[in-house]
Amino acid sequence: MGKCALVTGASRSIGAAIALKLAQKGYNIAVGCHSHASVENGGEAIAAQCRELGVEAACFVADVADFSQCERMVGEVITHFGSIEVLVNNAGITKDALLVQMSEEQYDSVISADLKSVFNMMRHAGKRMMKAKHGAIVNITSVAGLYGNRGQTNYSAAKAGIVGMTKTAAKELGARGITVNAVAPGFIETPMTAAMPEKARDAALGSIALRRPGTCEDVANAVAFLVSEEAAYITGQVLVVDGCMTM
Ligand code: NAP
């Protein structure tokens with residue numbers, strides 16, 4: 001039936017670029033969508049673009065913060081495509097505030113959507129990959145998880161947690177031939193960064209050595225490399241894609 005890649009948060013931006021890049025590489029694509037509205041507002045169009053590249057593609061709906069919805073979605077993807085060779089945990093949100101002004105809801109919701117989600121998806125898809133004795137997982141973290149970022153206590157904690165989770169999963173799943181890596185983007189032009197205050201955007205952009213913001217394709221290229229045969233001996237690593245914004 002061909003190889004399948006499941007990409008969460010693939011209805012737009014970085015997730016959509018990853019889905020299209022992996023479709024170009026010949027993967028059938030499971031377009032992970034947050035809701036039926038996300039399917040209509042982007043997901044189905046991305047699936048159609050993947051199909052135009054000659055592969056199969058379909059949308060699958062789950063709130064990745066929800067353990068049982070992730071289990072259901074993984075089961076649905078396997079029923080549809082037969083297997084999951086590649087899992088990309090891309091879905092994420094921000095709810096920025098300074099530490100002493102951050103509400104419990106802002107903290108908890110970002111930890112659930114950005115960190116628990118990665119556990120949920122690796123827990124369910126990883127079990128299936130272990131049985132199949134192969135697979136590649138890429139988790140999208142952030143430079144905020146490596147260096148911290150003002151106003152992002154919740155997000156930095158979630159993204160740093162992803163790094164620890166990635167390294168642990170790499171150690172646990174390696175014996176079954178499964179690689180687990182993370183990609184840490186810097187400043188990428190998407191609705192997430194468009195929502196930043198102008199001053200913070202200017203400061204971030206001014207600190208990039210390559211003198212341009214990253215594109216969704218820059219991140220997708222890194223993911224495509226990490227799931228390729230050329231990266232078969234790379235696992236437990238964090239690949240920073242930030243134009244040397246941090247070092
Ligand atoms: P985006 O444009 O806001 O897209 C986020 C995607 O995640 C959307 O498709 C969204 O769907 C989905 N999503 C959010 N919560 C979800 C949930 N609970 N369940 C399922 N899907 C959910 O963000 P982006 O900029 O492309 O970011 C993608 C990833 O890269 C995130 O993990 C982000 O933290 C990371 N990242 C981004 C940057 C950057 O500069 N943009 C930098 C570093 C890391 P709905 O809209 O339908 O909710």
# chains A, B, ... in the order shown; residues from 1 in each chain; ligands from 1
$ residues_near_ligand --ligand "ligand 1" --cutoff "8 Å" --atoms "only C-alpha atoms and all ligand atoms" --output "PyMOL selection string"
chain A and resi 8-16+32-35+37-39+41+61-66+89-94+112-114+117+140-144+155+159+184-193+214+216
$ select_by_dssp --residues "region 42-243 of chain A" --states "strand (DSSP E)" --output "PyMOL selection string"
chain A and resi 57-61+86-89+135-140+178-185+238-241
$ write_last_selection --atoms "N, CA and C atoms" --output "PDB file, in the first residue's frame"
ATOM      1  N   ALA A  57      -3.898  10.651  -0.059  1.00  0.00           N
ATOM      2  CA  ALA A  57      -3.926  11.551   1.103  1.00  0.00           C
ATOM      3  C   ALA A  57      -5.360  11.682   1.593  1.00  0.00           C
ATOM      4  N   ALA A  58      -5.499  11.773   2.918  1.00  0.00           N
ATOM      5  CA  ALA A  58      -6.823  11.963   3.525  1.00  0.00           C
ATOM      6  C   ALA A  58      -6.650  12.686   4.850  1.00  0.00           C
ATOM      7  N   CYS A  59      -7.726  13.351   5.281  1.00  0.00           N
ATOM      8  CA  CYS A  59      -7.694  14.084   6.557  1.00  0.00           C
ATOM      9  C   CYS A  59      -8.177  13.191   7.703  1.00  0.00           C
ATOM     10  N   PHE A  60      -7.573  13.370   8.864  1.00  0.00           N
ATOM     11  CA  PHE A  60      -7.968  12.648  10.072  1.00  0.00           C
ATOM     12  C   PHE A  60      -8.054  13.662  11.208  1.00  0.00           C
ATOM     13  N   VAL A  61      -9.156  13.607  11.952  1.00  0.00           N
ATOM     14  CA  VAL A  61      -9.430  14.644  12.950  1.00  0.00           C
ATOM     15  C   VAL A  61      -9.131  14.143  14.367  1.00  0.00           C
ATOM     16  N   VAL A  86       5.966   7.078   9.238  1.00  0.00           N
ATOM     17  CA  VAL A  86       6.513   8.351   9.717  1.00  0.00           C
ATOM     18  C   VAL A  86       5.440   9.092  10.515  1.00  0.00           C
ATOM     19  N   LEU A  87       5.833   9.577  11.700  1.00  0.00           N
ATOM     20  CA  LEU A  87       4.955  10.421  12.511  1.00  0.00           C
ATOM     21  C   LEU A  87       5.648  11.749  12.739  1.00  0.00           C
ATOM     22  N   VAL A  88       4.979  12.842  12.380  1.00  0.00           N
ATOM     23  CA  VAL A  88       5.527  14.171  12.653  1.00  0.00           C
ATOM     24  C   VAL A  88       4.579  14.890  13.607  1.00  0.00           C
ATOM     25  N   ASN A  89       5.063  15.125  14.831  1.00  0.00           N
ATOM     26  CA  ASN A  89       4.267  15.835  15.839  1.00  0.00           C
ATOM     27  C   ASN A  89       4.542  17.325  15.698  1.00  0.00           C
ATOM     28  N   GLY A 135      10.275   2.641  11.663  1.00  0.00           N
ATOM     29  CA  GLY A 135       9.528   3.898  11.725  1.00  0.00           C
ATOM     30  C   GLY A 135      10.453   5.062  12.023  1.00  0.00           C
ATOM     31  N   ALA A 136       9.947   6.250  11.787  1.00  0.00           N
ATOM     32  CA  ALA A 136      10.706   7.476  12.090  1.00  0.00           C
ATOM     33  C   ALA A 136       9.730   8.487  12.662  1.00  0.00           C
ATOM     34  N   ILE A 137      10.134   9.092  13.776  1.00  0.00           N
ATOM     35  CA  ILE A 137       9.307  10.114  14.433  1.00  0.00           C
ATOM     36  C   ILE A 137      10.103  11.407  14.481  1.00  0.00           C
ATOM     37  N   VAL A 138       9.446  12.501  14.123  1.00  0.00           N
ATOM     38  CA  VAL A 138      10.072  13.828  14.283  1.00  0.00           C
ATOM     39  C   VAL A 138       9.118  14.699  15.085  1.00  0.00           C
ATOM     40  N   ASN A 139       9.627  15.255  16.166  1.00  0.00           N
ATOM     41  CA  ASN A 139       8.838  16.143  17.020  1.00  0.00           C
ATOM     42  C   ASN A 139       9.285  17.590  16.789  1.00  0.00           C
ATOM     43  N   ILE A 140       8.320  18.459  16.573  1.00  0.00           N
ATOM     44  CA  ILE A 140       8.678  19.868  16.343  1.00  0.00           C
ATOM     45  C   ILE A 140       8.727  20.582  17.688  1.00  0.00           C
ATOM     46  N   ILE A 178      13.515   2.127  15.215  1.00  0.00           N
ATOM     47  CA  ILE A 178      12.743   3.370  15.069  1.00  0.00           C
ATOM     48  C   ILE A 178      13.629   4.553  15.489  1.00  0.00           C
ATOM     49  N   THR A 179      13.719   5.565  14.633  1.00  0.00           N
ATOM     50  CA  THR A 179      14.454   6.775  15.003  1.00  0.00           C
ATOM     51  C   THR A 179      13.481   7.825  15.520  1.00  0.00           C
ATOM     52  N   VAL A 180      13.956   8.603  16.509  1.00  0.00           N
ATOM     53  CA  VAL A 180      13.134   9.679  17.086  1.00  0.00           C
ATOM     54  C   VAL A 180      14.012  10.921  17.200  1.00  0.00           C
ATOM     55  N   ASN A 181      13.667  11.952  16.483  1.00  0.00           N
ATOM     56  CA  ASN A 181      14.444  13.191  16.494  1.00  0.00           C
ATOM     57  C   ASN A 181      13.519  14.387  16.669  1.00  0.00           C
ATOM     58  N   ALA A 182      14.124  15.526  16.923  1.00  0.00           N
ATOM     59  CA  ALA A 182      13.343  16.767  17.038  1.00  0.00           C
ATOM     60  C   ALA A 182      13.927  17.811  16.092  1.00  0.00           C
ATOM     61  N   VAL A 183      13.075  18.694  15.627  1.00  0.00           N
ATOM     62  CA  VAL A 183      13.499  19.862  14.855  1.00  0.00           C
ATOM     63  C   VAL A 183      13.097  21.092  15.656  1.00  0.00           C
ATOM     64  N   ALA A 184      14.045  22.000  15.819  1.00  0.00           N
ATOM     65  CA  ALA A 184      13.790  23.225  16.600  1.00  0.00           C
ATOM     66  C   ALA A 184      13.847  24.439  15.677  1.00  0.00           C
ATOM     67  N   PRO A 185      12.692  24.883  15.170  1.00  0.00           N
ATOM     68  CA  PRO A 185      12.707  26.083  14.337  1.00  0.00           C
ATOM     69  C   PRO A 185      12.963  27.331  15.181  1.00  0.00           C
ATOM     70  N   VAL A 238      18.469  16.912  18.184  1.00  0.00           N
ATOM     71  CA  VAL A 238      17.662  18.112  17.951  1.00  0.00           C
ATOM     72  C   VAL A 238      18.347  18.919  16.846  1.00  0.00           C
ATOM     73  N   LEU A 239      17.672  19.068  15.728  1.00  0.00           N
ATOM     74  CA  LEU A 239      18.223  19.825  14.600  1.00  0.00           C
ATOM     75  C   LEU A 239      17.625  21.233  14.628  1.00  0.00           C
ATOM     76  N   VAL A 240      18.487  22.217  14.878  1.00  0.00           N
ATOM     77  CA  VAL A 240      18.019  23.607  14.962  1.00  0.00           C
ATOM     78  C   VAL A 240      17.950  24.202  13.558  1.00  0.00           C
ATOM     79  N   VAL A 241      16.800  24.797  13.228  1.00  0.00           N
ATOM     80  CA  VAL A 241      16.594  25.409  11.909  1.00  0.00           C
ATOM     81  C   VAL A 241      16.218  26.865  12.169  1.00  0.00           C
TER      82      VAL A 241
END
$ atom_distance --atom1 "CA of Met73 (chain A)" --atom2 "CA of Asn28 (chain A)"
15.7 Å
$ closest_residue --among "A:Asp242, A:Glu40, A:Glu230, A:Glu105" --to "Ile208 (chain A)" --atoms "only C-alpha atoms"
A:Asp242
$ closest_residue --among "A:Ala5, A:Leu146, A:Leu115, A:Leu173" --to "Thr246 (chain A)" --atoms "only C-alpha atoms"
A:Leu146
$ select_by_dssp --residues "region 8-198 of chain A" --states "helix (DSSP H, G or I)" --output "ChimeraX atom specification"
/A:13-24,36-52,67-81,99-101,104-132,143-147,153-176,191-194,198
$ atom_distance --atom1 "CA of Ile78 (chain A)" --atom2 "CA of Ala30 (chain A)"
9.7 Å
$ closest_residue --among "A:Gln237, A:Ser228, A:Ser83, A:Asn221" --to "Ala19 (chain A)" --atoms "only C-alpha atoms"
A:Asn221
$ closest_residue --among "A:Thr153, A:Met130, A:Glu85, A:Pro197" --to "Met102 (chain A)" --atoms "only C-alpha atoms"
A:Thr153
$ atom_distance --atom1 "CA of Tyr233 (chain A)" --atom2 "CA of Lys131 (chain A)"
20.1 Å
